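Read through the structure below, which is laid out as structure tokens, and then see the notes.
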Protein chains: 2
Amino acid sequence: MGWLSHEEDCVEMTRTRSAPTISQVAAAAGVSRSSVSRAFTNPHLLSEETVKNVLRIADEIGYVPNHTARALSTGRYANIAIIVPDIANPFFPPMIKAAQEDADNSGFCVFLGNSNEDPAREDQLLARFLGQVEGFILVSSRLGEQRIRHYVERCPLVLINRDIKGLPRVLIDSGPGVSEAVHHLAELGHKSIAYLSGPKRSWSNTQRLAAVKKAGRELDLKVSVISTTTPSYQAAREVSARLINTGATAVISFDDLTAQGVIAGLSDHGLVVPRDISVVGCDDVLDAATHPSLTSVSSRSAESGRTALSILLDFLRKGNTGDIRFSLDTRLVSRETTARPRLP
Amino acid sequence: MGWLSHEEDCVEMTRTRSAPTISQVAAAAGVSRSSVSRAFTNPHLLSEETVKNVLRIADEIGYVPNHTARALSTGRYANIAIIVPDIANPFFPPMIKAAQEDADNSGFCVFLGNSNEDPAREDQLLARFLGQVEGFILVSSRLGEQRIRHYVERCPLVLINRDIKGLPRVLIDSGPGVSEAVHHLAELGHKSIAYLSGPKRSWSNTQRLAAVKKAGRELDLKVSVISTTTPSYQAAREVSARLINTGATAVISFDDLTAQGVIAGLSDHGLVVPRDISVVGCDDVLDAATHPSLTSVSSRSAESGRTALSILLDFLRKGNTGDIRFSLDTRLVSRETTARPRLP
DNA sequence: CTGAAAGCGCTAACAG
DNA sequence: CTGTTAGCGCTTTCAG
């Protein structure tokens, strides 16, 4: 690690020259400032010739309309903000990416906020963005309902994976996928399964646990539930003994990370997946990139981002859209960590 | 999947009420507008009483300074933009997260741009952000040097993993880590190793290939190089036959994703890692979350983001900083996919 | 079709 | 310490 300095190269990054303004273009083109403005925003109000001329001069000078000044004048910021609890959690990037791309195509810039799972920080981010965006996408918000409603009053906002009545929200419903997973295991011949639980307060975990129990009941399987303190790889690895003690021949884990922890933990006890025990994850964030590749419940993370964005843009264009609750269901992606149980 | 509408709940998200302005606060508090402004930006210029009074009234009314108006007036946007080729590539999120967090702590908001590996789109993003940010962080930029210099003239900019003389840049140098990996393999007793190459035009790949060759020469190992069309899991999986044919007992792969592909590919041929062949990845994006956990070269992604941000903020505060070339070196993270070679 | 004038909400000299 | 006066760069009536 080190610093190198070549003094002779210091021409760059000295002082940024201030951007050309509309006035300069107007002067150079011999037209009024409003004409320049119109050439960019309402060319059809101008003679073809004027437009062409202005645009040419502008290009020469290197003029680019100032986003900020325009926003102040029109009230249209052409910016939105996405706030997530943790960018580094692989569940979120595909969502951000999808929303980003669509926003981009509609001419919007996107601010990204990382609340770090902290409601206070989330609140602060919202406040900071408030004066410069036309809308928010709040993902898995940890903020109190009161505060969320506070912001909704001042700026359009759509929630992802947070179910507040009356607010537009898109929810990824793990139910169907988890249920499918249980059926899949039952078909393979498993009679006793375990669910490794995630955070108690998590909306997703609640959905998943309920789905496992319901499907287990219907298929007459024994269902054991094991909890970890925190849904980490390490924590999951450490509960493997308890998992084994349940006598389950298959385990459904809260997410892919904990599923990998389970696989490692079982291996610590000499058990091989899927030969000795089958494992299924949730969220499908690893694709097939592990070996053996993980059977998992798809998360549709990208779609949720896209959907939230389109709800937001729709609202910005058309106004009131009523109480929107968009539910995305999920399905099982069957790969290599599930198999028939070993005969006793 | 479905839409539910409860008409009775439509109170929300109708029309956003326009935000209170400084004038309203001034009127309510019985002071001039500048005093309100000062209460927020230079409270020390005001009597304690006035400040308290203004702040109280502002809070009551729900006034929050308008970021955009302030920016237009001061020229300080308090925004920066980070542009990456692919948010969904696990190499980038830790970097974005780290930069985001530090920016946040310095009162900056961050725009996120995803160029999708497309220079034209990257250019467009730059242009769109230009009028509303104080600086850029360009990660693994695919843009031509001319264009980058064009933007540098108008706005401070720091590069990550792109080495352009005279521009501030932070580079993650895989050299030391890769070299360490080769030494590690040699110590385990390997005599013949292979490098699975990444994109030809990639700065990182060039570094890595060179380091493997150099260390291999020094340690008197046989080094074979295999290339894939694209550095994907699948592509890596498919070259395993060629890898095996080299007779190498260990392979170093361009990144972690391809390393996992290699492991799967070897397994397709009945070979078990690390019993039959050792594998090491690069970037260390998987932590220990796979089984067996991958030996990899650390990427220091987060640190690169933090460093780039601090260079940028330093520049914004202090001006010209000369030719900065900050190099972060790497090291080997030894885990479970490397072992002694099998005896012939 | 084009220009003049007012103003978006805030800050920053400059007086007092 | 506080009020007054100009703008920041752009859009947008309103006239012509």
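In the structure tokens, each chain is lettered A, B, ... as it comes, each chain's residues begin at 1, and ligands are numbered from 1 in order of appearance.
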task = Identify every residue of chain A that has at least one atom within 8 Å of any atom of chain C, counting only C-alpha atoms (C1' of nucleotides), and report the result as an MDAnalysis selection string.
result = chainID A and resid 32 34:35 45:47 72:75
Kindly provide the residues of chain A that approach chain D to within 9 Å, each paired with its closest atom pair and their distance in Å to one decimal, based on only C-alpha atoms (C1' of nucleotides), listed by chain and increasing number, as JSON lines.
{"residue": "A:Thr21", "atom": "CA", "partner": "D:DG9", "partner_atom": "C1'", "distance": 6.9}
{"residue": "A:Ile22", "atom": "CA", "partner": "D:DG9", "partner_atom": "C1'", "distance": 7.3}
{"residue": "A:Ser23", "atom": "CA", "partner": "D:DG9", "partner_atom": "C1'", "distance": 8.8}
{"residue": "A:Ser34", "atom": "CA", "partner": "D:DT11", "partner_atom": "C1'", "distance": 8.0}
{"residue": "A:Ser37", "atom": "CA", "partner": "D:DC10", "partner_atom": "C1'", "distance": 7.4}
{"residue": "A:Arg38", "atom": "CA", "partner": "D:DT11", "partner_atom": "C1'", "distance": 8.8}
{"residue": "A:Pro65", "atom": "CA", "partner": "D:DC10", "partner_atom": "C1'", "distance": 8.1}
{"residue": "A:Asn66", "atom": "CA", "partner": "D:DG9", "partner_atom": "C1'", "distance": 6.8}
{"residue": "A:His67", "atom": "CA", "partner": "D:DC10", "partner_atom": "C1'", "distance": 8.8}
{"residue": "A:Thr68", "atom": "CA", "partner": "D:DG9", "partner_atom": "C1'", "distance": 8.2}
{"residue": "A:Ala69", "atom": "CA", "partner": "D:DG9", "partner_atom": "C1'", "distance": 5.0}
{"residue": "A:Arg70", "atom": "CA", "partner": "D:DC10", "partner_atom": "C1'", "distance": 4.9}
{"residue": "A:Ala71", "atom": "CA", "partner": "D:DC10", "partner_atom": "C1'", "distance": 8.3}
{"residue": "A:Leu72", "atom": "CA", "partner": "D:DC10", "partner_atom": "C1'", "distance": 8.0}
{"residue": "A:Ser73", "atom": "CA", "partner": "D:DT11", "partner_atom": "C1'", "distance": 5.9}
{"residue": "A:Thr74", "atom": "CA", "partner": "D:DT11", "partner_atom": "C1'", "distance": 6.6}
Go ahead and save the picked residues with N, CA and C atoms, as a JSON list (two decimals), in the first residue's frame.
[["chain", "number", "residue", "atom", "x", "y", "z"],
["A", 21, "THR", "N", -23.72, 28.31, -18.72],
["A", 21, "THR", "CA", -25.13, 28.51, -18.37],
["A", 21, "THR", "C", -25.94, 28.81, -19.62],
["A", 22, "ILE", "N", -27.21, 28.89, -19.41],
["A", 22, "ILE", "CA", -28.14, 29.15, -20.50],
["A", 22, "ILE", "C", -27.87, 30.52, -21.12],
["A", 23, "SER", "N", -27.44, 31.45, -20.31],
["A", 23, "SER", "CA", -27.19, 32.81, -20.81],
["A", 23, "SER", "C", -26.08, 32.82, -21.84],
["A", 34, "SER", "N", -35.06, 32.26, -22.94],
["A", 34, "SER", "CA", -36.21, 31.35, -22.97],
["A", 34, "SER", "C", -36.17, 30.45, -24.20],
["A", 37, "SER", "N", -33.95, 27.62, -23.43],
["A", 37, "SER", "CA", -34.67, 26.71, -22.54],
["A", 37, "SER", "C", -35.64, 25.84, -23.35],
["A", 38, "ARG", "N", -36.42, 26.50, -24.19],
["A", 38, "ARG", "CA", -37.41, 25.77, -24.98],
["A", 38, "ARG", "C", -36.76, 24.78, -25.94],
["A", 65, "PRO", "N", -28.09, 21.36, -19.49],
["A", 65, "PRO", "CA", -29.05, 21.99, -18.57],
["A", 65, "PRO", "C", -28.74, 21.62, -17.13],
["A", 66, "ASN", "N", -28.83, 22.58, -16.26],
["A", 66, "ASN", "CA", -28.57, 22.31, -14.84],
["A", 66, "ASN", "C", -29.78, 21.69, -14.16],
["A", 67, "HIS", "N", -29.58, 20.44, -13.81],
["A", 67, "HIS", "CA", -30.63, 19.63, -13.20],
["A", 67, "HIS", "C", -31.24, 20.32, -11.98],
["A", 68, "THR", "N", -30.38, 20.88, -11.17],
["A", 68, "THR", "CA", -30.83, 21.47, -9.91],
["A", 68, "THR", "C", -31.69, 22.72, -10.12],
["A", 69, "ALA", "N", -31.21, 23.58, -11.00],
["A", 69, "ALA", "CA", -31.97, 24.80, -11.25],
["A", 69, "ALA", "C", -33.33, 24.47, -11.84],
["A", 70, "ARG", "N", -33.32, 23.53, -12.73],
["A", 70, "ARG", "CA", -34.58, 23.11, -13.34],
["A", 70, "ARG", "C", -35.53, 22.57, -12.28],
["A", 71, "ALA", "N", -34.98, 21.76, -11.40],
["A", 71, "ALA", "CA", -35.81, 21.16, -10.36],
["A", 71, "ALA", "C", -36.43, 22.24, -9.48],
["A", 72, "LEU", "N", -35.62, 23.21, -9.11],
["A", 72, "LEU", "CA", -36.12, 24.26, -8.23],
["A", 72, "LEU", "C", -37.26, 25.00, -8.91],
["A", 73, "SER", "N", -37.08, 25.22, -10.19],
["A", 73, "SER", "CA", -38.05, 26.00, -10.92],
["A", 73, "SER", "C", -39.35, 25.23, -11.18],
["A", 74, "THR", "N", -39.22, 23.97, -11.49],
["A", 74, "THR", "CA", -40.40, 23.19, -11.86],
["A", 74, "THR", "C", -41.01, 22.39, -10.73]]
task = Pull the helix (DSSP H, G or I) assignments for segment 168-264 of chain B out of DSSP run on the backbone, and list those residues as number ranges by chain.
result = B: 175-188, 203-219, 233-238, 240-245, 256-264
Between atom CA of Val285 of chain B and atom CA of Asp283 of chain A - distance in Å to one decimal = 17.9 Å
message = Need the shell around Ser140 of chain A: protein/DNA/RNA residues with any atom at most 12 Å away, counting only C-alpha atoms (C1' of nucleotides). Skip same-chain ones fewer than 4 positions apart. Format as an MDAnalysis selection string?
response = chainID A and resid 82:87 91:92 95 114:119 122 144 158:164 169:172 201:204 301 304:305
Take the residues that were just selected and, keeping C-alpha atoms, output them as a short mmCIF file (atom, residue, chain, number, x, y, z; two decimals), in the first residue's frame.
data_model
loop_
_atom_site.label_atom_id
_atom_site.label_comp_id
_atom_site.auth_asym_id
_atom_site.auth_seq_id
_atom_site.Cartn_x
_atom_site.Cartn_y
_atom_site.Cartn_z
CA ILE A 82 -34.29 3.77 -2.57
CA ILE A 83 -33.54 2.94 1.03
CA VAL A 84 -32.52 -0.55 2.07
CA PRO A 85 -31.39 -2.01 5.40
CA ASP A 86 -28.17 -3.49 4.05
CA ILE A 87 -26.76 -3.15 0.56
CA PHE A 91 -30.98 -10.21 -1.40
CA PHE A 92 -31.08 -6.48 -2.19
CA MET A 95 -33.78 -5.39 -6.53
CA ASN A 114 -28.35 2.27 3.50
CA SER A 115 -30.06 2.37 6.87
CA ASN A 116 -27.84 -0.29 8.31
CA GLU A 117 -30.92 -1.76 9.98
CA ASP A 118 -31.13 1.38 12.13
CA PRO A 119 -34.50 3.19 12.27
CA GLU A 122 -33.34 5.53 8.09
CA GLY A 144 -42.11 2.93 12.99
CA VAL A 158 -43.91 2.71 -1.83
CA LEU A 159 -42.95 -0.08 0.51
CA ILE A 160 -41.34 -3.39 -0.27
CA ASN A 161 -41.77 -6.23 2.20
CA ARG A 162 -43.58 -4.18 4.76
CA ASP A 163 -47.30 -4.52 5.01
CA ILE A 164 -48.98 -1.30 6.12
CA ARG A 169 -46.64 -1.91 -0.99
CA VAL A 170 -45.21 -4.87 -2.78
CA LEU A 171 -44.70 -8.04 -0.84
CA ILE A 172 -42.75 -11.11 -1.74
CA ARG A 201 -39.90 -9.85 14.04
CA SER A 202 -39.30 -10.43 10.37
CA TRP A 203 -42.34 -10.40 8.15
CA SER A 204 -40.67 -12.92 5.85
CA SER A 301 -36.06 -9.71 -5.67
CA SER A 304 -40.18 -6.54 -6.54
CA GLY A 305 -37.91 -3.62 -7.35
#
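For the atom pair formed by atom CA of Asp268 of chain B and atom CA of Leu185 of chain A, the distance is 24.7 Å, given to one decimal.
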task = Identify, with DSSP run on backbone atoms, the residues in segment 117-319 of chain A assigned to strand (DSSP E or B), and express the list as a PyMOL selection string.
result = chain A and resi 135-139+157-160+169-173+192-197+222-227+250-253+278-283+295-298
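Take atom CA of Ser240 of chain A and atom CA of Gly265 of chain A: the distance between them is 5.2 Å.
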query = Could you name the residues that touch Asp173 of chain A at 8 Å or less, counting only C-alpha atoms (C1' of nucleotides), but leaving out those on the same chain fewer than 5 positions away, as a PyMOL selection string?
reply = chain A and resi 204+207+327-330
